[in-house]
Structure formats: structure tokens, C-alpha cells
$ cat structure-v6.txt   # compact mmCIF, C-alpha atoms and all ligand atoms
# COMPACT_ATOMS: atom_id res chain seq x y z
CA MET V 1 -15.78 10.52 -9.31
CA ARG V 2 -16.25 6.75 -9.10
CA ILE V 3 -15.55 5.07 -5.79
CA TYR V 4 -14.91 1.34 -5.69
CA ARG V 5 -15.18 -0.21 -2.28
CA ALA V 6 -12.67 -3.00 -1.79
CA LYS V 7 -12.88 -5.57 1.00
CA ASP V 8 -9.28 -5.19 2.08
CA TYR V 9 -5.79 -4.29 0.87
CA ASN V 10 -5.48 -7.31 -1.44
CA ASP V 11 -8.86 -6.67 -3.01
CA MET V 12 -7.96 -2.98 -3.46
CA SER V 13 -4.66 -3.96 -5.09
CA ARG V 14 -6.31 -6.36 -7.53
CA LYS V 15 -9.01 -3.88 -8.50
CA ALA V 16 -6.42 -1.14 -9.07
CA ALA V 17 -4.18 -3.47 -11.08
CA ASN V 18 -7.18 -4.38 -13.23
CA ILE V 19 -7.69 -0.72 -14.12
CA ILE V 20 -3.99 -0.19 -14.89
CA SER V 21 -3.81 -3.33 -17.01
CA ALA V 22 -6.96 -2.29 -18.91
CA GLN V 23 -5.18 0.97 -19.75
CA ILE V 24 -2.12 -0.91 -21.04
CA ILE V 25 -4.23 -3.33 -23.08
CA MET V 26 -6.37 -0.56 -24.60
CA LYS V 27 -3.36 1.61 -25.40
CA PRO V 28 -0.07 -0.37 -25.38
CA ASP V 29 2.02 2.79 -25.87
CA CYS V 30 0.31 4.66 -23.03
CA VAL V 31 1.99 7.00 -20.55
CA LEU V 32 1.45 5.90 -16.96
CA GLY V 33 1.97 8.33 -14.11
CA LEU V 34 3.23 6.20 -11.22
CA ALA V 35 3.31 6.57 -7.46
CA THR V 36 5.38 5.20 -4.61
CA GLY V 37 4.50 4.70 -0.93
CA SER V 38 3.29 1.48 0.61
CA THR V 39 -0.23 1.60 -0.85
CA PRO V 40 0.49 0.79 -4.53
CA ILE V 41 2.93 -2.06 -3.80
CA GLY V 42 0.19 -4.71 -3.96
CA ALA V 43 -1.06 -3.40 -7.30
CA TYR V 44 2.48 -3.52 -8.73
CA ARG V 45 2.87 -7.07 -7.42
CA GLN V 46 -0.35 -8.06 -9.18
CA LEU V 47 0.76 -6.45 -12.45
CA VAL V 48 4.05 -8.36 -12.28
CA GLU V 49 2.11 -11.59 -11.75
CA TRP V 50 -0.05 -10.96 -14.79
CA TYR V 51 3.04 -10.06 -16.80
CA ASN V 52 4.66 -13.35 -15.78
CA LYS V 53 1.57 -15.20 -16.94
CA GLY V 54 1.92 -13.56 -20.34
CA ASP V 55 -1.19 -11.41 -19.96
CA LEU V 56 0.53 -8.01 -19.98
CA ASP V 57 3.15 -6.39 -22.19
CA PHE V 58 4.99 -3.28 -20.99
CA SER V 59 7.32 -3.01 -23.99
CA GLU V 60 5.74 0.16 -25.37
CA VAL V 61 4.74 1.77 -22.07
CA THR V 62 6.27 5.06 -20.86
CA THR V 63 6.18 6.03 -17.20
CA VAL V 64 6.63 9.29 -15.32
CA ASN V 65 6.74 9.14 -11.55
CA LEU V 66 5.19 11.65 -9.24
CA ASP V 67 8.12 12.53 -7.05
CA GLU V 68 11.60 11.88 -5.71
CA TYR V 69 13.48 12.84 -2.57
CA LYS V 70 16.02 15.59 -3.06
CA GLY V 71 19.56 14.45 -2.29
CA LEU V 72 19.08 10.67 -2.37
CA PRO V 73 21.18 8.88 -4.99
CA LYS V 74 19.45 6.27 -7.16
CA GLU V 75 21.22 3.41 -5.40
CA ASN V 76 19.86 4.50 -2.00
CA GLU V 77 17.22 1.95 -1.02
CA GLN V 78 14.85 4.71 0.06
CA SER V 79 14.99 6.60 -3.21
CA TYR V 80 11.86 6.33 -5.30
CA TYR V 81 14.04 5.33 -8.25
CA TYR V 82 15.14 2.28 -6.25
CA PHE V 83 11.55 1.61 -5.16
CA MET V 84 10.24 1.59 -8.73
CA ASN V 85 12.98 -0.74 -9.91
CA GLU V 86 12.40 -3.12 -7.01
CA ASN V 87 8.64 -3.20 -7.29
CA LEU V 88 8.04 -2.97 -11.01
CA PHE V 89 10.61 -1.93 -13.59
CA SER V 90 13.14 -4.74 -13.06
CA LYS V 91 10.35 -7.34 -13.07
CA VAL V 92 8.60 -6.57 -16.35
CA ASN V 93 9.67 -5.95 -19.95
CA ILE V 94 9.51 -2.17 -19.75
CA ASP V 95 12.14 -0.18 -21.68
CA LYS V 96 14.05 1.50 -18.81
CA SER V 97 14.97 4.43 -21.02
CA ARG V 98 11.29 5.35 -21.03
CA THR V 99 10.86 5.32 -17.24
CA TYR V 100 11.24 8.78 -15.75
CA LEU V 101 11.51 10.20 -12.25
CA PRO V 102 12.67 13.62 -11.10
CA ASP V 103 16.45 13.55 -10.60
CA GLY V 104 16.93 13.98 -6.87
CA MET V 105 20.67 14.49 -7.28
CA ILE V 106 20.37 17.76 -9.16
CA GLU V 107 21.20 20.30 -6.50
CA ASP V 108 19.75 23.27 -8.36
CA SER V 109 16.02 22.90 -7.70
CA ASP V 110 14.92 25.17 -10.54
CA GLU V 111 16.99 23.21 -13.00
CA ALA V 112 15.75 19.82 -11.70
CA CYS V 113 12.12 20.92 -11.96
CA ARG V 114 12.56 22.55 -15.35
CA ARG V 115 14.09 19.34 -16.73
CA TYR V 116 11.30 17.19 -15.33
CA ASN V 117 8.58 19.47 -16.68
CA GLU V 118 10.24 19.21 -20.07
CA ILE V 119 10.19 15.41 -19.89
CA ILE V 120 6.51 15.34 -18.94
CA HIS V 121 5.65 17.64 -21.84
CA SER V 122 7.85 15.68 -24.26
CA VAL V 123 6.07 12.38 -23.56
CA GLY V 124 2.81 14.05 -24.47
CA GLY V 125 1.02 14.03 -21.12
CA VAL V 126 -0.20 11.27 -18.85
CA ASP V 127 -2.95 8.83 -19.85
CA LEU V 128 -3.49 7.32 -16.41
CA GLN V 129 -2.08 8.81 -13.22
CA LEU V 130 -1.87 6.55 -10.18
CA LEU V 131 -1.98 8.32 -6.80
CA GLY V 132 -1.85 7.50 -3.12
CA LEU V 133 -3.15 9.86 -0.45
CA GLY V 134 -1.09 11.17 2.47
CA HIS V 135 -2.53 11.40 5.99
CA ASN V 136 -2.79 15.16 5.63
CA GLY V 137 -4.44 14.81 2.23
CA HIS V 138 -1.25 15.31 0.23
CA ILE V 139 -0.88 13.90 -3.28
CA GLY V 140 2.61 13.33 -4.64
CA PHE V 141 4.48 15.54 -2.20
CA ASN V 142 2.07 18.46 -2.57
CA GLU V 143 1.65 19.40 1.05
CA PRO V 144 -1.26 21.41 2.52
CA GLY V 145 -1.26 25.02 1.40
CA ILE V 146 0.28 24.36 -2.01
CA ALA V 147 -1.08 26.45 -4.88
CA PHE V 148 -3.23 24.40 -7.23
CA GLU V 149 -1.59 25.80 -10.38
CA THR V 150 1.96 24.49 -9.83
CA GLU V 151 3.96 22.18 -12.09
CA THR V 152 7.03 20.25 -10.87
CA HIS V 153 8.54 22.05 -7.89
CA CYS V 154 10.73 21.54 -4.85
CA VAL V 155 8.90 21.12 -1.54
CA SER V 156 9.88 21.09 2.10
CA LEU V 157 8.18 18.12 3.68
CA SER V 158 5.79 18.72 6.56
CA GLU V 159 6.59 17.32 9.99
CA ARG V 160 3.68 14.91 9.62
CA THR V 161 4.98 13.55 6.31
CA ILE V 162 8.50 13.21 7.69
CA LYS V 163 7.10 11.22 10.64
CA ALA V 164 4.90 9.08 8.36
CA ASN V 165 7.82 8.24 6.07
CA MET V 166 10.26 7.70 8.93
CA ARG V 167 9.30 4.03 9.08
CA PHE V 168 11.33 3.41 5.92
CA PHE V 169 14.50 5.07 7.25
CA VAL V 170 16.97 4.23 10.02
CA SER V 171 15.76 7.22 12.02
CA GLU V 172 13.82 10.45 11.61
CA ARG V 173 16.99 12.39 11.00
CA HIS V 174 17.73 10.30 7.88
CA VAL V 175 14.46 11.32 6.17
CA PRO V 176 15.25 13.94 3.52
CA ARG V 177 13.65 17.29 4.26
CA GLN V 178 12.94 18.16 0.65
CA ALA V 179 11.59 16.50 -2.46
CA TYR V 180 10.83 17.26 -6.09
CA THR V 181 7.22 16.59 -6.98
CA MET V 182 4.87 16.97 -9.90
CA GLY V 183 2.56 19.84 -9.09
CA ILE V 184 -1.20 19.78 -8.81
CA LYS V 185 -1.52 21.35 -12.25
CA THR V 186 0.49 18.49 -13.78
CA ILE V 187 -1.49 15.86 -11.90
CA MET V 188 -4.80 17.44 -12.92
CA SER V 189 -3.83 17.41 -16.58
CA ALA V 190 -3.71 13.58 -16.68
CA HIS V 191 -6.56 12.14 -18.75
CA LYS V 192 -7.54 9.67 -16.06
CA ILE V 193 -6.65 9.46 -12.39
CA LEU V 194 -6.68 6.38 -10.18
CA VAL V 195 -6.35 6.83 -6.41
CA VAL V 196 -5.57 3.87 -4.16
CA ILE V 197 -6.19 4.13 -0.42
CA SER V 198 -6.06 1.58 2.34
CA GLY V 199 -6.42 1.50 6.11
CA GLU V 200 -8.31 3.18 8.88
CA ASP V 201 -5.50 5.69 9.45
CA LYS V 202 -6.46 7.21 6.07
CA ALA V 203 -10.20 7.47 6.83
CA ASP V 204 -10.06 11.14 7.91
CA ALA V 205 -7.97 12.09 4.87
CA VAL V 206 -10.44 10.32 2.55
CA GLN V 207 -13.40 12.04 4.17
CA GLN V 208 -11.76 15.47 3.92
CA ALA V 209 -10.39 15.05 0.40
CA PHE V 210 -13.46 13.65 -1.29
CA PHE V 211 -16.41 14.74 0.85
CA GLY V 212 -15.21 18.10 2.16
CA PRO V 213 -14.62 21.48 0.53
CA VAL V 214 -12.05 21.86 -2.26
CA THR V 215 -9.20 23.69 -0.57
CA PRO V 216 -5.38 23.90 -0.86
CA GLN V 217 -5.34 22.88 2.82
CA VAL V 218 -6.31 19.40 1.61
CA PRO V 219 -4.42 19.02 -1.69
CA GLY V 220 -6.27 15.83 -2.71
CA SER V 221 -9.59 17.69 -2.60
CA ILE V 222 -8.79 19.23 -5.99
CA LEU V 223 -9.46 15.80 -7.51
CA GLN V 224 -13.17 16.46 -7.02
CA LEU V 225 -12.84 18.86 -9.97
CA HIS V 226 -11.25 16.34 -12.35
CA ASN V 227 -13.67 14.69 -14.75
CA ASP V 228 -12.25 11.15 -14.70
CA VAL V 229 -11.20 10.05 -11.24
CA THR V 230 -11.54 6.52 -9.93
CA ILE V 231 -10.95 5.86 -6.27
CA VAL V 232 -10.27 2.33 -5.12
CA ALA V 233 -10.30 2.20 -1.34
CA ASP V 234 -10.80 -0.53 1.20
CA GLU V 235 -13.59 -0.52 3.76
CA ALA V 236 -11.34 0.74 6.54
CA ALA V 237 -10.29 3.79 4.49
CA LEU V 238 -13.92 4.49 3.60
CA SER V 239 -15.18 4.02 7.14
CA LYS V 240 -15.77 7.75 7.75
CA CYS V 241 -17.41 8.48 4.41
CA PRO V 242 -21.12 9.10 3.95
CA LEU V 243 -21.63 6.26 1.44
C1 LIG P 1 4.32 9.69 0.35
C2 LIG P 1 4.42 9.85 -1.18
C3 LIG P 1 3.06 9.90 -1.81
C4 LIG P 1 2.24 8.77 -1.21
C5 LIG P 1 1.92 9.11 0.22
C6 LIG P 1 1.21 7.99 0.97
O1 LIG P 1 4.90 10.72 1.06
N1 LIG P 1 5.16 10.99 -1.63
O2 LIG P 1 3.17 9.77 -3.22
O3 LIG P 1 1.02 8.63 -1.90
O4 LIG P 1 3.04 9.59 0.91
O5 LIG P 1 2.07 6.94 1.24
P1 LIG P 1 1.59 5.55 1.75
O6 LIG P 1 0.93 4.88 0.60
O7 LIG P 1 2.84 4.84 2.18
O8 LIG P 1 0.66 5.79 2.88
$ encode --input "structure-v6.txt" --output "C-alpha cells" --more "lines below"
Ligand code: GLP
Amino acid sequence: MRIYRAKDYNDMSRKAANIISAQIIMKPDCVLGLATGSTPIGAYRQLVEWYNKGDLDFSEVTTVNLDEYKGLPKENEQSYYYFMNENLFSKVNIDKSRTYLPDGMIEDSDEACRRYNEIIHSVGGVDLQLLGLGHNGHIGFNEPGIAFETETHCVSLSERTIKANMRFFVSERHVPRQAYTMGIKTIMSAHKILVVISGEDKADAVQQAFFGPVTPQVPGSILQLHNDVTIVADEAALSKCPL
């Protein structure tokens, strides 16, 4: 596990974008596993800037996103589909037909997850998986207690996650209670993993995930067992780590 200490959010974003762009340059037809949440927005912004300068080409890139809320249509501003379009896909020359997210509008959870697993297998696996970290150590929407060997599945969000994500919705009651997410097994099968973390409110989660025991109670802790993980975190997020 490599840990890069960034000065602040902007520095973290630039360092993370550098790693993602290196992946695209080294393998133009790579498969990127992408994440939503507020943390990766700065990295996406930086990638768009480099694309606009002519330094990056997304034309052969395929993407598979980590998760999607169940029941939110694509045009809902809080859907992760909408988020990805706003922050990246509509701003670069990516072929939209090769950008995948779980379909939150499929009511039958088994069917939705089966289809997404099929897509992930059909693209041949993920070269670089980008991740954020939830306050309770969740990755994707894999909440504490989740079995490590799961693929895409439907989850009920924890109260803490609902509260954390409430800031994006009109009120708490508008936050969907369920989501489809790649499972830990899928995440762990990516060749490389890049985790971005910012802010003091994440310091406990960082300490528990990367310096504590590997346990399903802290889903991100499983990353300690992956052989190519890079963590880019700012000083505030690393403030409780023994470094
Ligand atoms: C959300 C997402 C995760 C994200 C995490 C942290 O619930 N499902 O993929 O990494 O929570 O989000 P943020 O970066 O906004 O703190």
C-alpha cells in the first residue's frame, strides 16, 4: 500500500488525476472503475482540464462505475448517472456507449445485479479502480458487515450513510434507502486501486481502514490485502494515522 500525503484537497485532486491520466496514457483502451461522492470531483475537474489542453484522449476508454441509487431515474440530478455526465462524461471525448453504471431503474434487484456483473465481466475486468471512503469505512456502498466475497448486489443504506448523503437532497426523506453496488470481490479484482480521501471528518475512517484489523465491520480494511493500492489523502484525513 502506497500512501501519498497531499497538502490539501486541490493537491490530492491533482495527484489522483496524475495517476488516472498515467493509466490512460499507458493503456489508451483501459477500463477505469469510477466513483462518485464529493471527493473525486476535483480529480475529474483536473482530468477535464488536461483533456481540454489536448493532453488526454478518452476515445478508447471504457468505464464501469461503482454504484447507483435504486429507484432514481438517470435524469434525476442526484443519480450517479447524472453526476458522471456532469463531472466527466459530457466534458471529454469518451464514447458514452462504453460508460456503464448499474441501472437503478430496474426494480428486480437480482436482475439488475446480474446484468451489471455481466457487463463487468464482458469488459474484461478493471485496470484502475478509483474509490472514495465513507465515514464508516464503506467503499462503493458496501456498508459495515458486508461479506467480502460479494459481487454486485443490492444494499440497504445505513443511517449514517443516509445522513452523510442527505446534503445532496432536499431532505433526508428524499435520500433513496437502497442502492446497487459493486461488491468487495469485484473491487478487489481490479488490477490497481486508487483511493482518494480528504478532510478531518474522514481521519477516523482512514485510521481504521488502513491501520486497524481487516474486518467486514470496516469494509475498506480489505484493501490492505490488495497488492496494488495507492492512497492519496490530504493531511487532515491522515491526521490520526501513525505515519
Ligand atoms: C458515497 C458513495 C461512495 C463514496 C462515499 C464517500 O455514499 N457511494 O462511493 O466514496 O460515499 O463520499 P464523499 O466523497 O462524498 O465523502
$ closest_atom_pairs --input "structure-v6.txt" --of "chain V" --to "ligand LIG 1 (chain P)" --cutoff "6 Å" --atoms "all atoms listed in the file" --output "tab-separated table"
residue	atom	partner	partner_atom	distance
V:Ala35	CA	P:LIG1	O2	5.3
V:Thr36	CA	P:LIG1	O2	5.3
V:Gly37	CA	P:LIG1	O7	3.5
V:Ser38	CA	P:LIG1	O7	3.7
V:Thr39	CA	P:LIG1	O6	3.8
V:Leu131	CA	P:LIG1	O3	5.8
V:Gly132	CA	P:LIG1	O3	3.3
V:Leu133	CA	P:LIG1	O3	4.6
V:Gly134	CA	P:LIG1	C6	4.2
V:Ile139	CA	P:LIG1	O3	5.8
V:Gly140	CA	P:LIG1	O2	3.9
V:Phe141	CA	P:LIG1	N1	4.6
V:Thr161	CA	P:LIG1	O1	6.0
$ closest_atom_pairs --input "structure-v6.txt" --of "range 72-117 of chain V" --to "range 162-171 of chain V" --cutoff "12 Å" --atoms "only C-alpha atoms" --output "tab-separated table"
residue	atom	partner	partner_atom	distance
V:Asn76	CA	V:Phe169	CA	10.7
V:Glu77	CA	V:Phe168	CA	9.2
V:Gln78	CA	V:Phe168	CA	7.0
V:Ser79	CA	V:Phe168	CA	10.3
V:Tyr80	CA	V:Phe168	CA	11.6
V:Phe83	CA	V:Phe168	CA	11.2
$ residues_around --input "structure-v6.txt" --residues "range 201-213 of chain V" --least-positions-apart "3" --cutoff "7 Å" --atoms "all atoms listed in the file" --output "PyMOL selection string"
chain V and resi 135-137+198+218+220-221+224+236-241
$ atom_distance --input "structure-v6.txt" --atom1 "CA of Leu225 in chain V" --atom2 "CA of Asn18 in chain V"
24.1 Å
$ closest_residue --input "structure-v6.txt" --among "V:Glu159, V:Glu143, V:Glu49, V:Asp11" --to "Arg173 in chain V" --atoms "only C-alpha atoms"
V:Glu159
$ atom_distance --input "structure-v6.txt" --atom1 "CA of Val195 in chain V" --atom2 "CA of Val64 in chain V"
15.9 Å
$ closest_residue --input "structure-v6.txt" --among "V:Val155, V:Val123, V:Ile41, V:Leu72" --to "Ser13 in chain V" --atoms "only C-alpha atoms"
V:Ile41
$ closest_residue --input "structure-v6.txt" --among "V:His226, V:Arg115, V:His174, V:His153" --to "Met188 in chain V" --atoms "all atoms listed in the file"
V:His226
$ decode --input "structure-v6.txt" --residues "range 97-134 of chain V" --atoms "N, CA and C atoms" --output "compact mmCIF listing (two decimals), in the first residue's frame"
# COMPACT_ATOMS: atom_id res chain seq x y z
N SER V 97 -21.30 5.03 -25.11
CA SER V 97 -21.81 3.65 -25.12
C SER V 97 -20.86 2.71 -24.37
N ARG V 98 -19.70 3.22 -24.00
CA ARG V 98 -18.78 2.40 -23.20
C ARG V 98 -18.65 2.90 -21.76
N THR V 99 -19.66 3.67 -21.31
CA THR V 99 -19.66 4.11 -19.91
C THR V 99 -20.81 3.40 -19.21
N TYR V 100 -20.49 2.64 -18.20
CA TYR V 100 -21.52 1.80 -17.57
C TYR V 100 -21.71 2.14 -16.09
N LEU V 101 -22.99 2.11 -15.70
CA LEU V 101 -23.34 2.19 -14.27
C LEU V 101 -24.44 1.15 -14.05
N PRO V 102 -24.62 0.70 -12.80
CA PRO V 102 -25.78 -0.16 -12.56
C PRO V 102 -27.04 0.62 -12.93
N ASP V 103 -28.05 -0.08 -13.42
CA ASP V 103 -29.30 0.58 -13.80
C ASP V 103 -30.24 0.63 -12.59
N GLY V 104 -30.31 1.81 -11.98
CA GLY V 104 -31.11 1.97 -10.77
C GLY V 104 -32.60 1.82 -10.99
N MET V 105 -33.03 1.86 -12.25
CA MET V 105 -34.47 1.78 -12.53
C MET V 105 -34.96 0.35 -12.74
N ILE V 106 -34.06 -0.61 -12.67
CA ILE V 106 -34.54 -2.00 -12.74
C ILE V 106 -35.02 -2.37 -11.34
N GLU V 107 -36.30 -2.67 -11.25
CA GLU V 107 -36.93 -2.92 -9.96
C GLU V 107 -36.46 -4.25 -9.34
N ASP V 108 -36.30 -5.23 -10.22
CA ASP V 108 -35.89 -6.55 -9.76
C ASP V 108 -34.38 -6.53 -9.45
N SER V 109 -34.05 -6.54 -8.17
CA SER V 109 -32.65 -6.37 -7.75
C SER V 109 -31.75 -7.47 -8.31
N ASP V 110 -32.23 -8.71 -8.28
CA ASP V 110 -31.39 -9.81 -8.78
C ASP V 110 -31.04 -9.60 -10.24
N GLU V 111 -32.05 -9.17 -10.99
CA GLU V 111 -31.85 -8.96 -12.43
C GLU V 111 -30.87 -7.79 -12.66
N ALA V 112 -31.05 -6.70 -11.92
CA ALA V 112 -30.17 -5.53 -12.07
C ALA V 112 -28.72 -5.92 -11.78
N CYS V 113 -28.52 -6.68 -10.72
CA CYS V 113 -27.15 -7.05 -10.32
C CYS V 113 -26.55 -8.06 -11.29
N ARG V 114 -27.39 -8.99 -11.74
CA ARG V 114 -26.90 -9.99 -12.70
C ARG V 114 -26.42 -9.28 -13.97
N ARG V 115 -27.23 -8.34 -14.46
CA ARG V 115 -26.85 -7.61 -15.68
C ARG V 115 -25.55 -6.84 -15.50
N TYR V 116 -25.41 -6.22 -14.32
CA TYR V 116 -24.19 -5.41 -14.13
C TYR V 116 -22.96 -6.31 -14.00
N ASN V 117 -23.11 -7.42 -13.32
CA ASN V 117 -21.98 -8.36 -13.23
C ASN V 117 -21.55 -8.81 -14.61
N GLU V 118 -22.55 -9.05 -15.45
CA GLU V 118 -22.26 -9.49 -16.82
C GLU V 118 -21.45 -8.42 -17.58
N ILE V 119 -21.86 -7.17 -17.39
CA ILE V 119 -21.15 -6.07 -18.06
C ILE V 119 -19.70 -6.02 -17.58
N ILE V 120 -19.52 -6.09 -16.27
CA ILE V 120 -18.15 -6.01 -15.73
C ILE V 120 -17.30 -7.15 -16.28
N HIS V 121 -17.87 -8.35 -16.34
CA HIS V 121 -17.10 -9.47 -16.89
C HIS V 121 -16.83 -9.26 -18.38
N SER V 122 -17.83 -8.71 -19.09
CA SER V 122 -17.67 -8.59 -20.55
C SER V 122 -16.62 -7.55 -20.94
N VAL V 123 -16.38 -6.56 -20.08
CA VAL V 123 -15.34 -5.57 -20.44
C VAL V 123 -13.94 -6.07 -20.06
N GLY V 124 -13.91 -7.22 -19.43
CA GLY V 124 -12.61 -7.85 -19.16
C GLY V 124 -11.94 -7.43 -17.87
N GLY V 125 -12.71 -6.87 -16.94
CA GLY V 125 -12.12 -6.51 -15.64
C GLY V 125 -11.60 -5.08 -15.64
N VAL V 126 -11.33 -4.59 -14.46
CA VAL V 126 -10.98 -3.18 -14.28
C VAL V 126 -9.46 -3.01 -14.14
N ASP V 127 -8.90 -2.09 -14.93
CA ASP V 127 -7.46 -1.82 -14.82
C ASP V 127 -7.15 -0.96 -13.60
N LEU V 128 -7.91 0.12 -13.46
CA LEU V 128 -7.68 1.03 -12.31
C LEU V 128 -9.03 1.38 -11.71
N GLN V 129 -9.20 1.05 -10.45
CA GLN V 129 -10.45 1.34 -9.74
C GLN V 129 -10.24 2.54 -8.81
N LEU V 130 -11.02 3.58 -9.04
CA LEU V 130 -10.99 4.75 -8.16
C LEU V 130 -12.01 4.56 -7.05
N LEU V 131 -11.63 4.89 -5.82
CA LEU V 131 -12.54 4.73 -4.68
C LEU V 131 -12.50 5.96 -3.77
N GLY V 132 -13.64 6.24 -3.15
CA GLY V 132 -13.65 7.16 -2.01
C GLY V 132 -13.83 6.29 -0.78
N LEU V 133 -13.88 6.91 0.37
CA LEU V 133 -14.07 6.15 1.62
C LEU V 133 -15.19 6.82 2.41
N GLY V 134 -16.19 6.02 2.82
CA GLY V 134 -17.28 6.58 3.63
C GLY V 134 -16.83 6.78 5.07
